[in-house]
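K.L.:
You'll find query-v9.pdb just under this line, and it carries PDB, C-alpha atoms, pLDDT in the B column.
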```
MODEL        1
ATOM      1  CA  MET A1450      36.044   9.449 -88.197  1.00 76.00           C
ATOM      2  CA  TYR A1451      34.074  12.493 -87.129  1.00 82.00           C
ATOM      3  CA  SER A1452      31.227  10.275 -86.134  1.00 86.00           C
ATOM      4  CA  PHE A1453      33.471   8.377 -83.680  1.00 85.00           C
ATOM      5  CA  ILE A1454      34.643  11.654 -82.154  1.00 89.00           C
ATOM      6  CA  PHE A1455      31.056  12.857 -81.893  1.00 87.00           C
ATOM      7  CA  ILE A1456      29.959   9.582 -80.210  1.00 90.00           C
ATOM      8  CA  SER A1457      32.952   9.748 -77.842  1.00 90.00           C
ATOM      9  CA  VAL A1458      32.174  13.342 -76.825  1.00 89.00           C
ATOM     10  CA  ALA A1459      28.502  12.480 -76.340  1.00 91.00           C
ATOM     11  CA  LEU A1460      29.391   9.473 -74.123  1.00 90.00           C
ATOM     12  CA  HIS A1461      31.782  11.630 -72.104  1.00 91.00           C
ATOM     13  CA  LEU A1462      29.058  14.239 -71.559  1.00 92.00           C
ATOM     14  CA  VAL A1463      26.570  11.553 -70.454  1.00 91.00           C
ATOM     15  CA  SER A1464      29.186  10.085 -68.088  1.00 92.00           C
ATOM     16  CA  PHE A1465      29.920  13.524 -66.652  1.00 90.00           C
ATOM     17  CA  LEU A1466      26.191  14.155 -66.150  1.00 92.00           C
ATOM     18  CA  CYS A1467      25.804  10.797 -64.339  1.00 90.00           C
ATOM     19  CA  ILE A1468      28.744  11.592 -62.065  1.00 90.00           C
ATOM     20  CA  VAL A1469      27.215  14.982 -61.178  1.00 89.00           C
ATOM     21  CA  LEU A1470      23.816  13.386 -60.443  1.00 88.00           C
ATOM     22  CA  LEU A1471      25.390  10.706 -58.242  1.00 87.00           C
ATOM     23  CA  PHE A1472      27.335  13.346 -56.319  1.00 84.00           C
ATOM     24  CA  LEU A1473      24.158  15.380 -55.720  1.00 82.00           C
ATOM     25  CA  LYS A1474      22.281  12.276 -54.589  1.00 81.00           C
ATOM     26  CA  GLN A1475      25.074  11.346 -52.180  1.00 79.00           C
ATOM     27  CA  SER A1476      25.116  14.815 -50.621  1.00 75.00           C
ATOM     28  CA  LYS A1477      21.319  14.640 -50.094  1.00 77.00           C
ATOM     29  CA  GLY A1478      21.745  11.229 -48.427  1.00 74.00           C
ATOM     30  CA  THR A1479      24.295  12.714 -46.041  1.00 77.00           C
ATOM     31  CA  GLU A1480      21.875  15.509 -45.132  1.00 79.00           C
ATOM     32  CA  VAL A1481      19.120  12.983 -44.434  1.00 79.00           C
ATOM     33  CA  ARG A1482      21.454  10.912 -42.247  1.00 82.00           C
ATOM     34  CA  GLU A1483      22.456  14.000 -40.285  1.00 85.00           C
ATOM     35  CA  GLU A1484      18.801  14.974 -39.842  1.00 86.00           C
ATOM     36  CA  ILE A1485      17.925  11.469 -38.611  1.00 88.00           C
ATOM     37  CA  ALA A1486      20.866  11.509 -36.192  1.00 90.00           C
ATOM     38  CA  ALA A1487      19.762  14.892 -34.804  1.00 91.00           C
ATOM     39  CA  SER A1488      16.187  13.651 -34.388  1.00 92.00           C
ATOM     40  CA  MET A1489      17.400  10.553 -32.566  1.00 92.00           C
ATOM     41  CA  GLU A1490      19.525  12.670 -30.217  1.00 93.00           C
ATOM     42  CA  VAL A1491      16.499  14.819 -29.342  1.00 92.00           C
ATOM     43  CA  TYR A1492      14.375  11.702 -28.795  1.00 92.00           C
ATOM     44  CA  ILE A1493      17.011  10.129 -26.520  1.00 93.00           C
ATOM     45  CA  GLU A1494      17.263  13.342 -24.488  1.00 93.00           C
ATOM     46  CA  GLN A1495      13.489  13.390 -24.046  1.00 93.00           C
ATOM     47  CA  LEU A1496      13.531   9.747 -22.950  1.00 92.00           C
ATOM     48  CA  GLU A1497      16.266  10.444 -20.421  1.00 93.00           C
ATOM     49  CA  GLU A1498      14.338  13.403 -19.006  1.00 93.00           C
ATOM     50  CA  GLU A1499      11.166  11.332 -18.759  1.00 93.00           C
ATOM     51  CA  ASN A1500      13.049   8.483 -17.076  1.00 93.00           C
ATOM     52  CA  ASP A1501      14.587  10.893 -14.564  1.00 93.00           C
ATOM     53  CA  ARG A1502      11.165  12.379 -13.798  1.00 93.00           C
ATOM     54  CA  LEU A1503       9.650   8.925 -13.368  1.00 92.00           C
ATOM     55  CA  LEU A1504      12.519   7.826 -11.136  1.00 93.00           C
ATOM     56  CA  ASN A1505      12.045  10.889  -8.925  1.00 93.00           C
ATOM     57  CA  GLU A1506       8.300  10.217  -8.668  1.00 92.00           C
ATOM     58  CA  VAL A1507       8.903   6.597  -7.716  1.00 92.00           C
ATOM     59  CA  LYS A1508      11.491   7.608  -5.118  1.00 93.00           C
ATOM     60  CA  SER A1509       9.141  10.164  -3.559  1.00 92.00           C
ATOM     61  CA  TYR A1510       6.307   7.596  -3.520  1.00 91.00           C
ATOM     62  CA  VAL A1511       8.521   4.991  -1.848  1.00 90.00           C
ATOM     63  CA  ASP A1512       9.751   7.542   0.689  1.00 90.00           C
ATOM     64  CA  ALA A1513       6.186   8.564   1.525  1.00 89.00           C
ATOM     65  CA  ARG A1514       5.137   4.921   1.979  1.00 88.00           C
ATOM     66  CA  GLU A1515       8.171   4.258   4.192  1.00 87.00           C
ATOM     67  CA  ASN A1516       7.309   7.282   6.319  1.00 88.00           C
ATOM     68  CA  GLN A1517       3.731   6.030   6.663  1.00 85.00           C
ATOM     69  CA  LEU A1518       4.935   2.601   7.705  1.00 83.00           C
ATOM     70  CA  ASP A1519       7.431   4.070  10.162  1.00 82.00           C
ATOM     71  CA  THR A1520       4.650   6.150  11.708  1.00 82.00           C
ATOM     72  CA  ARG A1521       2.398   3.101  11.936  1.00 80.00           C
ATOM     73  CA  LEU A1522       5.179   1.059  13.552  1.00 79.00           C
ATOM     74  CA  ARG A1523       5.809   3.774  16.135  1.00 79.00           C
ATOM     75  CA  VAL A1524       2.095   3.871  16.901  1.00 75.00           C
ATOM     76  CA  LEU A1525       1.954   0.123  17.352  1.00 73.00           C
ATOM     77  CA  GLU A1526       5.120   0.052  19.468  1.00 73.00           C
ATOM     78  CA  GLN A1527       3.767   2.726  21.775  1.00 75.00           C
ATOM     79  CA  GLY A1528       0.527   0.836  22.230  1.00 67.00           C
ATOM     80  CA  LYS A1529      -1.506   4.006  22.645  1.00 56.00           C
ATOM     81  CA  VAL A1530      -3.906   3.428  19.792  1.00 51.00           C
ATOM     82  CA  GLY A1531      -6.844   4.997  21.659  1.00 55.00           C
ATOM     83  CA  SER A1532      -5.193   8.353  22.398  1.00 58.00           C
ATOM     84  CA  PRO A1533      -6.291  11.364  20.268  1.00 60.00           C
ATOM     85  CA  GLU A1534      -2.784  12.369  19.125  1.00 56.00           C
ATOM     86  CA  ILE A1535      -2.099   8.837  17.904  1.00 54.00           C
ATOM     87  CA  GLU A1536      -5.451   8.724  16.110  1.00 56.00           C
ATOM     88  CA  GLU A1537      -4.493  11.949  14.312  1.00 58.00           C
ATOM     89  CA  LEU A1538      -1.204  10.381  13.210  1.00 52.00           C
ATOM     90  CA  THR A1539      -2.845   7.228  11.906  1.00 49.00           C
ATOM     91  CA  LYS A1540      -5.516   8.977   9.828  1.00 52.00           C
ATOM     92  CA  SER A1541      -3.082   9.493   6.956  1.00 47.00           C
ATOM     93  CA  VAL A1542      -1.560   6.026   7.283  1.00 44.00           C
ATOM     94  CA  ILE A1543      -3.171   3.399   5.101  1.00 44.00           C
ATOM     95  CA  VAL A1544      -2.012  -0.125   5.766  1.00 43.00           C
ATOM     96  CA  GLN A1545      -4.074  -2.829   4.153  1.00 45.00           C
ATOM     97  CA  HIS A1546      -4.006  -6.474   4.962  1.00 42.00           C
ATOM     98  CA  PRO A1547      -3.230  -8.675   1.928  1.00 47.00           C
ATOM     99  CA  SER A1548      -6.753 -10.104   2.067  1.00 45.00           C
ATOM    100  CA  ALA A1549      -8.184  -6.626   1.374  1.00 45.00           C
ATOM    101  CA  HIS A1550      -7.685  -7.216  -2.331  1.00 60.00           C
ATOM    102  CA  SER A1551      -8.889 -10.814  -2.333  1.00 80.00           C
ATOM    103  CA  GLU A1552     -12.393  -9.847  -3.460  1.00 84.00           C
ATOM    104  CA  ARG A1553     -10.981  -7.911  -6.404  1.00 85.00           C
ATOM    105  CA  ASN A1554      -8.609 -10.805  -7.156  1.00 88.00           C
ATOM    106  CA  GLN A1555     -11.491 -13.266  -7.227  1.00 88.00           C
ATOM    107  CA  LYS A1556     -13.474 -10.959  -9.501  1.00 89.00           C
ATOM    108  CA  ALA A1557     -10.472 -10.667 -11.859  1.00 89.00           C
ATOM    109  CA  VAL A1558     -10.117 -14.458 -12.045  1.00 90.00           C
ATOM    110  CA  GLN A1559     -13.857 -14.888 -12.677  1.00 89.00           C
ATOM    111  CA  LEU A1560     -13.832 -12.316 -15.470  1.00 90.00           C
ATOM    112  CA  HIS A1561     -10.778 -13.950 -17.041  1.00 90.00           C
ATOM    113  CA  GLN A1562     -12.465 -17.351 -16.934  1.00 90.00           C
ATOM    114  CA  GLN A1563     -15.498 -15.794 -18.642  1.00 91.00           C
ATOM    115  CA  GLY A1564     -13.258 -14.740 -21.534  1.00 90.00           C
ATOM    116  CA  PHE A1565     -12.635 -11.063 -20.800  1.00 90.00           C
ATOM    117  CA  SER A1566      -9.264  -9.715 -21.898  1.00 91.00           C
ATOM    118  CA  ILE A1567      -6.751  -8.479 -19.341  1.00 91.00           C
ATOM    119  CA  ALA A1568      -7.147  -4.894 -20.584  1.00 91.00           C
ATOM    120  CA  ASP A1569     -10.925  -5.103 -20.153  1.00 90.00           C
ATOM    121  CA  ILE A1570     -10.577  -6.555 -16.656  1.00 91.00           C
ATOM    122  CA  SER A1571      -8.157  -3.815 -15.619  1.00 89.00           C
ATOM    123  CA  ARG A1572     -10.596  -1.174 -16.879  1.00 88.00           C
ATOM    124  CA  LEU A1573     -13.564  -2.796 -15.109  1.00 88.00           C
ATOM    125  CA  LEU A1574     -11.758  -3.208 -11.791  1.00 89.00           C
ATOM    126  CA  ASN A1575      -9.899   0.102 -12.041  1.00 87.00           C
ATOM    127  CA  CYS A1576      -6.453  -1.390 -11.568  1.00 88.00           C
ATOM    128  CA  GLY A1577      -3.307  -1.816 -13.634  1.00 89.00           C
ATOM    129  CA  ILE A1578      -2.873  -4.281 -16.473  1.00 91.00           C
ATOM    130  CA  GLY A1579       0.245  -5.691 -14.816  1.00 91.00           C
ATOM    131  CA  GLU A1580      -1.669  -6.317 -11.610  1.00 90.00           C
ATOM    132  CA  VAL A1581      -4.390  -8.222 -13.467  1.00 90.00           C
ATOM    133  CA  GLU A1582      -1.773 -10.265 -15.360  1.00 91.00           C
ATOM    134  CA  LEU A1583      -0.108 -11.145 -12.070  1.00 90.00           C
ATOM    135  CA  ILE A1584      -3.405 -12.185 -10.456  1.00 90.00           C
ATOM    136  CA  VAL A1585      -4.381 -14.354 -13.426  1.00 89.00           C
ATOM    137  CA  ASN A1586      -0.917 -15.939 -13.685  1.00 89.00           C
ATOM    138  CA  LEU A1587      -0.752 -16.671  -9.954  1.00 86.00           C
ATOM    139  CA  HIS A1588      -4.224 -18.205 -10.054  1.00 83.00           C
ATOM    140  CA  GLY A1589      -3.219 -20.357 -13.025  1.00 80.00           C
ATOM    141  CA  ARG A1590      -0.149 -21.613 -11.166  1.00 73.00           C
ATOM    142  CA  SER A1591      -2.139 -22.391  -8.023  1.00 68.00           C
ATOM    143  CA  GLU A1592      -4.600 -24.452 -10.087  1.00 69.00           C
ATOM    144  CA  GLN A1593      -1.769 -26.481 -11.633  1.00 64.00           C
ATOM    145  CA  ARG A1594      -0.504 -27.652  -8.239  1.00 57.00           C
TER     146      ARG A1594
ENDMDL
END
```
Can you present the structure in this file as structure tokens?
P.N.:
Amino acid sequence: MYSFIFISVALHLVSFLCIVLLFLKQSKGTEVREEIAASMEVYIEQLEEENDRLLNEVKSYVDARENQLDTRLRVLEQGKVGSPEIEELTKSVIVQHPSAHSERNQKAVQLHQQGFSIADISRLLNCGIGEVELIVNLHGRSEQR
């Protein structure tokens, strides 16, 4: 009889110990979840700040290009390309004809046909990966026609 009471008390103590361990483990899990949530909030804030900065840079770039084009249009409308004040205005304006990049485009296509990767081509030609992808894709489409 005493042995059954002893076994019962021992099982109760083991059960109590397991319950305490599970409770401690659960509280640690909650702390980890809270830490992960805080880290994610910080990361999202940093992404938002970076996106805002990038958006402002793109807006300022577009505004500058529009101002350059407006200046160029005014110069062309006035028809006084030879005058010194107009020459001073047009020095900062860079307007390139689409064929200005054709040599680089041809070089990109040649390199791609020779087996160079798009990343290598962009490094060699000093232009963006997206630009090289676009050139190669457009060339591939024109060949299919």
K.L.:
Quick one: residues within 12 Å of (-11.2, -18.5, -10.7) (file frame), counting only C-alpha atoms, please, as a PDB file with C-alpha atoms, in the coordinates of the input.
P.N.:
```pdb
ATOM      1  CA  SER A1551      -8.889 -10.814  -2.333  1.00 80.00           C
ATOM      2  CA  GLU A1552     -12.393  -9.847  -3.460  1.00 84.00           C
ATOM      3  CA  ARG A1553     -10.981  -7.911  -6.404  1.00 85.00           C
ATOM      4  CA  ASN A1554      -8.609 -10.805  -7.156  1.00 88.00           C
ATOM      5  CA  GLN A1555     -11.491 -13.266  -7.227  1.00 88.00           C
ATOM      6  CA  LYS A1556     -13.474 -10.959  -9.501  1.00 89.00           C
ATOM      7  CA  ALA A1557     -10.472 -10.667 -11.859  1.00 89.00           C
ATOM      8  CA  VAL A1558     -10.117 -14.458 -12.045  1.00 90.00           C
ATOM      9  CA  GLN A1559     -13.857 -14.888 -12.677  1.00 89.00           C
ATOM     10  CA  LEU A1560     -13.832 -12.316 -15.470  1.00 90.00           C
ATOM     11  CA  HIS A1561     -10.778 -13.950 -17.041  1.00 90.00           C
ATOM     12  CA  GLN A1562     -12.465 -17.351 -16.934  1.00 90.00           C
ATOM     13  CA  GLN A1563     -15.498 -15.794 -18.642  1.00 91.00           C
ATOM     14  CA  GLY A1564     -13.258 -14.740 -21.534  1.00 90.00           C
ATOM     15  CA  ILE A1584      -3.405 -12.185 -10.456  1.00 90.00           C
ATOM     16  CA  VAL A1585      -4.381 -14.354 -13.426  1.00 89.00           C
ATOM     17  CA  ASN A1586      -0.917 -15.939 -13.685  1.00 89.00           C
ATOM     18  CA  LEU A1587      -0.752 -16.671  -9.954  1.00 86.00           C
ATOM     19  CA  HIS A1588      -4.224 -18.205 -10.054  1.00 83.00           C
ATOM     20  CA  GLY A1589      -3.219 -20.357 -13.025  1.00 80.00           C
ATOM     21  CA  ARG A1590      -0.149 -21.613 -11.166  1.00 73.00           C
ATOM     22  CA  SER A1591      -2.139 -22.391  -8.023  1.00 68.00           C
ATOM     23  CA  GLU A1592      -4.600 -24.452 -10.087  1.00 69.00           C
TER      24      GLU A1592
END
```
K.L.:
Counting only C-alpha atoms, figure out which residue out of A:Asn1516, A:Ala1568, A:Phe1472, A:Ala1486 gets nearest to Glu1580 (chain A).
P.N.:
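For Glu1580 (chain A), the nearest of the given residues is A:Ala1568.
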K.L.:
Can you work out the spacing between CA of Phe1565 (chain A) and CA of Val1581 (chain A) in Å, to one decimal?
P.N.:
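Computing it gives 11.4 Å between the two atoms.
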K.L.:
Take CA of Ser1566 (chain A) and CA of Leu1583 (chain A) and report the distance between them in Å, one decimal.
P.N.:
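CA of Leu1583 (chain A) lies 13.5 Å from CA of Ser1566 (chain A).
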K.L.:
Once you add 6 Å to each side, what are the centre and edge lengths of the axis-aligned box holding all listed atoms of region 1465-1478 of chain A? One decimal in Å, as JSON, if you can.
P.N.:
```
{"center_x": 25.6, "center_y": 13.0, "center_z": -57.5, "size_x": 20.6, "size_y": 16.7, "size_z": 30.2}
```
K.L.:
May I ask for the distance between CA of Glu1480 (chain A) and CA of Leu1462 (chain A), given in Å to one decimal place?
P.N.:
27.4 Å
K.L.:
From the options A:Val1524, A:Ile1454, A:Arg1482, A:Glu1582, which residue's atoms come nearest to Ile1570 (chain A), counting all atoms listed in the file?
P.N.:
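Of the candidates, the smallest distance to Ile1570 (chain A) is held by A:Glu1582.
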